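**Student:** Structure in structure tokens, see below.
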Amino acid sequence: MSTGEGTTIGKAFEALYASDDGSLDTAASLLAADPGADAELTRRGEEFLRTLWTRGWQPADVVRMARRDLSEEHIRVLTGLIRSETARYGTLPRRWQAQLDALDAVPTRSTDRFSYATTVLELYRLLVRLPRLDAVGPVPGETLPPAAAGEPRMLSRIRALLAKAEATGYPEEAEALTAKAQELMARHSLDEVTLAVGAPSPETPGAIRIGVEPPYEQAKAILLDAVATANHCRAVWNEAYGFSTVVGFEGDLDPVELLYTSLLVQGTAAMTRAEAEQRAGGRKRTKSFRQSFLLAYANRLGTRLSTTSRRVAAETPTLLPALASRDLAVTTRTDELFPETRATRVRAAWDEAGWTHGASAADRAGLHPNRRGLRG
């Protein structure tokens, strides 16, 4: 790195810690006038990301924050940096690879040097201000456990059932498919307990982050908490950063994310249909209707999910002590990660029609497998 390049970068980066945009404009002018600083500018961005990885952040978390506070142009620059930084590792953690696969393609860089430099500096200012998070998995560069060959058969079956439930236009069919998926999840947990009882393993609860973003994020967080609790996990919502951390044993984490995502898709579709009925009846579409709908949907589904899990567990009473022991391990790990959690009051305007429609939609999600998709 040349002395001139170092001076340009050094002066420009002072603006990252200033509170005024005037300093940022001056810094962008310096960078725009010095093409020789481009390589070092990119290298510093990758370095910022590497620091965030060690501070508990993952690609999806960083993109979520940038999407909330910045523009699509910033997202495109960030995507390119994430791809170039992670390309240096021979193997990535499984969930990291899935997050990278979900990133948009990297576009061609803008020809306007000042605009580009401004975008980069605004992005870097966000990156250097992100706080430390609790780690929820290995960091690139760490030794990883042997990768499993393909997706577990059980998870593939759950994924297929939920995809069909989301696609069908018949509530009774969606009901039966979702019910079967939840039954598979509950039985899978028991299978994991059976293996642990027969041959105790050193496995301890892990964690994943799942985005919980506006609008109606509080209702979404309640729904995720309901799905997690019913499947022997715990969810802790971080409203400020738009995600919930789900703590549980590895075999339960992916199914929880799948079911939550599917129920959210199904609930949103049901809400859209209910709104159409409201408009047809001459009533306006309101925010309070949607909030009440999703809150009722989450509340009712939580009860039904837990009922199904308890019923399946009761079929093998000899495993109940081992299951309780695993639940205790998950609670203990959650308390270790989040020693200062607090309850949050539900903040939503009440709409009786929205609540009634939401509760009905949750009933139609039908999680009792003995009903076979038929409504009584």
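Just remember, in the structure tokens the first chain shown is A, the second B, etc., residues are 1-based per chain, and ligands are 1-based in the order shown.
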Neighbouring residues of Gly251 (chain A) were defined as those with any atom within 10 Å, considering only C-alpha atoms; residues of the same chain fewer than 6 positions away were excluded. Please report them as a VMD selection string.
**Tutor:** chain A and resid 152 155 185 188 to 189 191 to 192 205 to 206
**Student:** Next, the residues of the selection above should be written as a PDB file, in the first residue's frame with all heavy atoms.
**Tutor:**
ATOM      1  N   PRO A 152     -31.554 -34.418   5.892  1.00  0.00           N
ATOM      2  CA  PRO A 152     -32.190 -35.562   6.545  1.00  0.00           C
ATOM      3  C   PRO A 152     -33.551 -35.861   5.920  1.00  0.00           C
ATOM      4  O   PRO A 152     -34.310 -34.951   5.573  1.00  0.00           O
ATOM      5  CB  PRO A 152     -32.338 -35.092   8.000  1.00  0.00           C
ATOM      6  CG  PRO A 152     -31.255 -34.078   8.180  1.00  0.00           C
ATOM      7  CD  PRO A 152     -31.132 -33.385   6.850  1.00  0.00           C
ATOM      8  N   LEU A 155     -36.555 -34.124   7.447  1.00  0.00           N
ATOM      9  CA  LEU A 155     -36.674 -32.708   7.143  1.00  0.00           C
ATOM     10  C   LEU A 155     -37.184 -32.504   5.720  1.00  0.00           C
ATOM     11  O   LEU A 155     -37.985 -31.592   5.460  1.00  0.00           O
ATOM     12  CB  LEU A 155     -35.317 -32.027   7.328  1.00  0.00           C
ATOM     13  CG  LEU A 155     -35.321 -30.501   7.431  1.00  0.00           C
ATOM     14  CD1 LEU A 155     -36.167 -30.048   8.609  1.00  0.00           C
ATOM     15  CD2 LEU A 155     -33.906 -29.970   7.556  1.00  0.00           C
ATOM     16  N   MET A 185     -42.701 -33.639  13.224  1.00  0.00           N
ATOM     17  CA  MET A 185     -41.760 -32.910  14.074  1.00  0.00           C
ATOM     18  C   MET A 185     -41.789 -33.439  15.498  1.00  0.00           C
ATOM     19  O   MET A 185     -40.743 -33.646  16.128  1.00  0.00           O
ATOM     20  CB  MET A 185     -42.087 -31.414  14.046  1.00  0.00           C
ATOM     21  CG  MET A 185     -41.775 -30.747  12.723  1.00  0.00           C
ATOM     22  SD  MET A 185     -42.386 -29.037  12.606  1.00  0.00           S
ATOM     23  CE  MET A 185     -41.455 -28.243  13.911  1.00  0.00           C
ATOM     24  N   HIS A 188     -40.211 -36.843  15.591  1.00  0.00           N
ATOM     25  CA  HIS A 188     -38.761 -36.737  15.397  1.00  0.00           C
ATOM     26  C   HIS A 188     -38.067 -36.367  16.708  1.00  0.00           C
ATOM     27  O   HIS A 188     -37.009 -36.906  17.033  1.00  0.00           O
ATOM     28  CB  HIS A 188     -38.455 -35.684  14.332  1.00  0.00           C
ATOM     29  CG  HIS A 188     -37.003 -35.356  14.211  1.00  0.00           C
ATOM     30  ND1 HIS A 188     -36.070 -36.253  13.735  1.00  0.00           N
ATOM     31  CD2 HIS A 188     -36.311 -34.229  14.534  1.00  0.00           C
ATOM     32  CE1 HIS A 188     -34.871 -35.689  13.751  1.00  0.00           C
ATOM     33  NE2 HIS A 188     -34.989 -34.465  14.237  1.00  0.00           N
ATOM     34  N   SER A 189     -38.661 -35.471  17.476  1.00  0.00           N
ATOM     35  CA  SER A 189     -38.084 -35.114  18.774  1.00  0.00           C
ATOM     36  C   SER A 189     -38.010 -36.323  19.687  1.00  0.00           C
ATOM     37  O   SER A 189     -37.022 -36.528  20.403  1.00  0.00           O
ATOM     38  CB  SER A 189     -38.917 -34.005  19.438  1.00  0.00           C
ATOM     39  OG  SER A 189     -38.688 -32.762  18.828  1.00  0.00           O
ATOM     40  N   ASP A 191     -37.775 -39.413  18.697  1.00  0.00           N
ATOM     41  CA  ASP A 191     -36.710 -40.291  18.176  1.00  0.00           C
ATOM     42  C   ASP A 191     -35.341 -39.816  18.661  1.00  0.00           C
ATOM     43  O   ASP A 191     -34.482 -40.627  19.010  1.00  0.00           O
ATOM     44  CB  ASP A 191     -36.740 -40.292  16.637  1.00  0.00           C
ATOM     45  CG  ASP A 191     -37.962 -41.008  16.082  1.00  0.00           C
ATOM     46  OD1 ASP A 191     -38.581 -41.783  16.830  1.00  0.00           O
ATOM     47  OD2 ASP A 191     -38.296 -40.771  14.903  1.00  0.00           O
ATOM     48  N   GLU A 192     -35.138 -38.499  18.673  1.00  0.00           N
ATOM     49  CA  GLU A 192     -33.875 -37.957  19.156  1.00  0.00           C
ATOM     50  C   GLU A 192     -33.669 -38.288  20.637  1.00  0.00           C
ATOM     51  O   GLU A 192     -32.565 -38.607  21.074  1.00  0.00           O
ATOM     52  CB  GLU A 192     -33.860 -36.439  18.957  1.00  0.00           C
ATOM     53  CG  GLU A 192     -33.854 -35.993  17.510  1.00  0.00           C
ATOM     54  CD  GLU A 192     -32.506 -36.225  16.850  1.00  0.00           C
ATOM     55  OE1 GLU A 192     -31.488 -35.799  17.401  1.00  0.00           O
ATOM     56  OE2 GLU A 192     -32.482 -36.861  15.774  1.00  0.00           O
ATOM     57  N   PRO A 205     -27.556 -27.955  23.586  1.00  0.00           N
ATOM     58  CA  PRO A 205     -28.425 -27.102  22.773  1.00  0.00           C
ATOM     59  C   PRO A 205     -27.630 -26.067  21.985  1.00  0.00           C
ATOM     60  O   PRO A 205     -26.646 -25.506  22.463  1.00  0.00           O
ATOM     61  CB  PRO A 205     -29.331 -26.437  23.816  1.00  0.00           C
ATOM     62  CG  PRO A 205     -29.343 -27.387  24.963  1.00  0.00           C
ATOM     63  CD  PRO A 205     -27.968 -27.970  25.002  1.00  0.00           C
ATOM     64  N   GLY A 206     -28.078 -25.819  20.767  1.00  0.00           N
ATOM     65  CA  GLY A 206     -27.494 -24.786  19.920  1.00  0.00           C
ATOM     66  C   GLY A 206     -28.502 -23.673  19.722  1.00  0.00           C
ATOM     67  O   GLY A 206     -29.489 -23.558  20.454  1.00  0.00           O
TER      68      GLY A 206
END
**Student:** Please identify which residues in region 16-218 of chain A DSSP calls alpha helix (DSSP H) from the backbone, and express them as a PyMOL selection string.
**Tutor:** chain A and resi 21-32+38-54+59-69+72-86+94-101+113-129+153-167+171-198+217-218
**Student:** Excluding region 57-71 of chain A and any residue of its chain fewer than 5 positions from it, enumerate the residues within 9 Å of it, using only C-alpha atoms, and give them as a ChimeraX atom specification.
**Tutor:** /A:49,51-52,76,78-79,82,96,99-100,102-103,119,122-123,126-127,130,132-136,139,209-211,213,241-243
**Student:** Could you please take those selected residues and save N, CA, C and O atoms as a compact mmCIF listing (two decimals), in the first residue's frame?
**Tutor:**
# COMPACT_ATOMS: atom_id res chain seq x y z
N LEU A 49 -16.19 -6.81 7.99
CA LEU A 49 -17.07 -7.98 8.05
C LEU A 49 -16.45 -9.09 8.89
O LEU A 49 -17.13 -9.74 9.70
N THR A 51 -14.48 -8.82 11.34
CA THR A 51 -14.63 -8.44 12.74
C THR A 51 -16.04 -8.73 13.22
O THR A 51 -16.25 -9.24 14.34
N LEU A 52 -17.03 -8.46 12.38
CA LEU A 52 -18.42 -8.73 12.77
C LEU A 52 -18.68 -10.22 12.94
O LEU A 52 -19.43 -10.64 13.83
N ARG A 76 -26.39 -3.92 -2.45
CA ARG A 76 -25.60 -4.51 -3.53
C ARG A 76 -24.11 -4.47 -3.21
O ARG A 76 -23.38 -5.43 -3.46
N LEU A 78 -22.82 -4.36 -0.18
CA LEU A 78 -22.64 -5.29 0.93
C LEU A 78 -22.60 -6.73 0.45
O LEU A 78 -21.76 -7.52 0.89
N THR A 79 -23.49 -7.07 -0.47
CA THR A 79 -23.52 -8.43 -1.01
C THR A 79 -22.19 -8.78 -1.66
O THR A 79 -21.66 -9.88 -1.46
N ILE A 82 -19.61 -9.39 1.11
CA ILE A 82 -19.82 -10.67 1.80
C ILE A 82 -19.32 -11.82 0.95
O ILE A 82 -18.65 -12.74 1.43
N TRP A 96 -24.43 -20.78 7.17
CA TRP A 96 -23.81 -19.66 6.47
C TRP A 96 -23.96 -19.84 4.97
O TRP A 96 -24.28 -18.90 4.25
N GLN A 99 -27.32 -18.95 3.81
CA GLN A 99 -27.53 -17.50 3.79
C GLN A 99 -26.86 -16.87 2.57
O GLN A 99 -27.41 -15.96 1.95
N LEU A 100 -25.69 -17.36 2.22
CA LEU A 100 -25.01 -16.84 1.02
C LEU A 100 -25.80 -17.17 -0.24
O LEU A 100 -25.90 -16.36 -1.16
N ALA A 102 -28.85 -17.28 -0.55
CA ALA A 102 -30.04 -16.44 -0.63
C ALA A 102 -29.73 -15.01 -1.03
O ALA A 102 -30.65 -14.22 -1.29
N LEU A 103 -28.44 -14.66 -1.11
CA LEU A 103 -28.08 -13.29 -1.48
C LEU A 103 -28.34 -13.03 -2.96
O LEU A 103 -28.28 -13.93 -3.79
N THR A 119 -21.75 5.76 -0.99
CA THR A 119 -22.48 4.54 -0.63
C THR A 119 -21.61 3.64 0.25
O THR A 119 -22.07 3.10 1.27
N GLU A 122 -21.18 5.14 3.78
CA GLU A 122 -22.41 5.02 4.57
C GLU A 122 -22.60 3.59 5.06
O GLU A 122 -23.01 3.37 6.21
N LEU A 123 -22.27 2.63 4.20
CA LEU A 123 -22.35 1.23 4.61
C LEU A 123 -21.34 0.92 5.70
O LEU A 123 -21.67 0.31 6.73
N LEU A 126 -22.30 2.08 9.11
CA LEU A 126 -23.23 1.15 9.77
C LEU A 126 -22.48 -0.04 10.36
O LEU A 126 -22.71 -0.43 11.51
N LEU A 127 -21.56 -0.61 9.59
CA LEU A 127 -20.86 -1.82 10.02
C LEU A 127 -20.04 -1.58 11.30
O LEU A 127 -20.03 -2.41 12.20
N LEU A 130 -22.19 -1.53 14.64
CA LEU A 130 -22.98 -2.67 15.11
C LEU A 130 -22.36 -3.25 16.37
O LEU A 130 -21.15 -3.45 16.44
N ARG A 132 -21.78 -6.07 19.63
CA ARG A 132 -21.51 -7.51 19.74
C ARG A 132 -22.82 -8.25 20.00
O ARG A 132 -23.68 -7.79 20.75
N LEU A 133 -22.96 -9.42 19.36
CA LEU A 133 -24.09 -10.31 19.60
C LEU A 133 -23.60 -11.62 20.20
O LEU A 133 -22.42 -11.97 20.04
N ASP A 134 -24.49 -12.34 20.84
CA ASP A 134 -24.14 -13.67 21.32
C ASP A 134 -24.00 -14.61 20.12
O ASP A 134 -24.85 -14.63 19.23
N ALA A 135 -22.92 -15.37 20.10
CA ALA A 135 -22.67 -16.28 18.98
C ALA A 135 -23.72 -17.39 18.96
O ALA A 135 -24.12 -17.90 20.00
N VAL A 136 -24.16 -17.75 17.76
CA VAL A 136 -25.14 -18.84 17.62
C VAL A 136 -24.63 -19.93 16.68
O VAL A 136 -25.40 -20.61 16.03
N VAL A 139 -17.87 -19.86 13.51
CA VAL A 139 -17.46 -18.74 12.66
C VAL A 139 -16.61 -19.30 11.52
O VAL A 139 -15.88 -20.28 11.72
N ARG A 209 -30.70 -17.80 14.44
CA ARG A 209 -31.47 -16.56 14.39
C ARG A 209 -32.44 -16.62 13.22
O ARG A 209 -32.09 -17.08 12.14
N ILE A 210 -33.64 -16.12 13.46
CA ILE A 210 -34.67 -16.08 12.43
C ILE A 210 -35.19 -14.66 12.35
O ILE A 210 -35.57 -14.06 13.36
N GLY A 211 -35.20 -14.10 11.16
CA GLY A 211 -35.66 -12.73 10.98
C GLY A 211 -37.13 -12.57 11.36
O GLY A 211 -37.97 -13.38 10.98
N GLU A 213 -39.42 -9.37 11.06
CA GLU A 213 -39.34 -7.99 10.57
C GLU A 213 -40.71 -7.35 10.41
O GLU A 213 -41.73 -8.05 10.33
N TYR A 241 -33.08 -5.32 16.56
CA TYR A 241 -32.32 -5.80 15.40
C TYR A 241 -33.12 -6.74 14.50
O TYR A 241 -32.57 -7.35 13.60
N GLY A 242 -34.41 -6.87 14.76
CA GLY A 242 -35.29 -7.55 13.81
C GLY A 242 -35.11 -9.05 13.71
O GLY A 242 -35.26 -9.60 12.61
N PHE A 243 -34.82 -9.73 14.80
CA PHE A 243 -34.72 -11.19 14.74
C PHE A 243 -35.08 -11.80 16.10
O PHE A 243 -35.10 -11.11 17.12
**Student:** For Ala28 (chain A), which residue among A:Tyr116, A:Glu257, A:Ala276, A:Ser156 is the nearest when counting only C-alpha atoms?
**Tutor:**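 Of all the options, A:Tyr116 lies closest to Ala28 (chain A).
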**Student:** Applying 9 Å and only C-alpha atoms, which residues near Leu190 (chain A) remain after dropping the ones on its own chain fewer than 4 positions away? List them as number ranges by chain.
**Tutor:** A: 185-186, 194-195, 312-313, 316, 319, 323
**Student:** Please identify all polymer residues within 12 Å of Pro255 (chain A), counting only C-alpha atoms, omitting same-chain residues fewer than 6 positions from it, and present them as an MDAnalysis selection string.
**Tutor:** chainID A and resid 151:162 181:189 208 224 227:228 230:233 246 248:249 261:262
**Student:** Identify, on the basis of only C-alpha atoms, every residue whose closest approach to Gln266 (chain A) does not exceed 12 Å; exclude the query and any residue fewer than 5 positions from it along the same chain; express the result as a PyMOL selection string.
**Tutor:** chain A and resi 162-171+174-175+177-178+259-261+271-273+294+297-298+301+358+361-362+364-366
**Student:** For Ala32 (chain A), please output as JSON, numbers by chain all residues within 12 Å (counting only C-alpha atoms; exclusion window: fewer than 5 positions along the same chain).
**Tutor:** {"A": [8, 9, 12, 25, 26, 27, 37, 38, 41, 111, 112, 113, 114, 115, 116, 117, 118, 119, 120, 121]}
**Student:** Between A:Glu40, A:Asp254, A:Glu275, A:Glu336, which has the minimum distance to Arg94 (chain A) (counting only C-alpha atoms)?
**Tutor:**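 Among the listed residues, the smallest separation from Arg94 (chain A) belongs to A:Asp254.
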**Student:** Using only C-alpha atoms, which of A:Leu81, A:Ala176, A:Val247, A:Val128 sits nearest Ala39 (chain A)?
**Tutor:** A:Leu81
**Student:** When you count only C-alpha atoms, which of these residues is closest to Arg234 (chain A): A:Glu173, A:Asp34, A:Glu315, A:Asp327?
**Tutor:** A:Asp327
**Student:** Enter the distance from CA of Leu337 (chain A) to CA of Ser306 (chain A), in Å, rounded to one decimal.
**Tutor:**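 Interatomic distance here is 24.3 Å.
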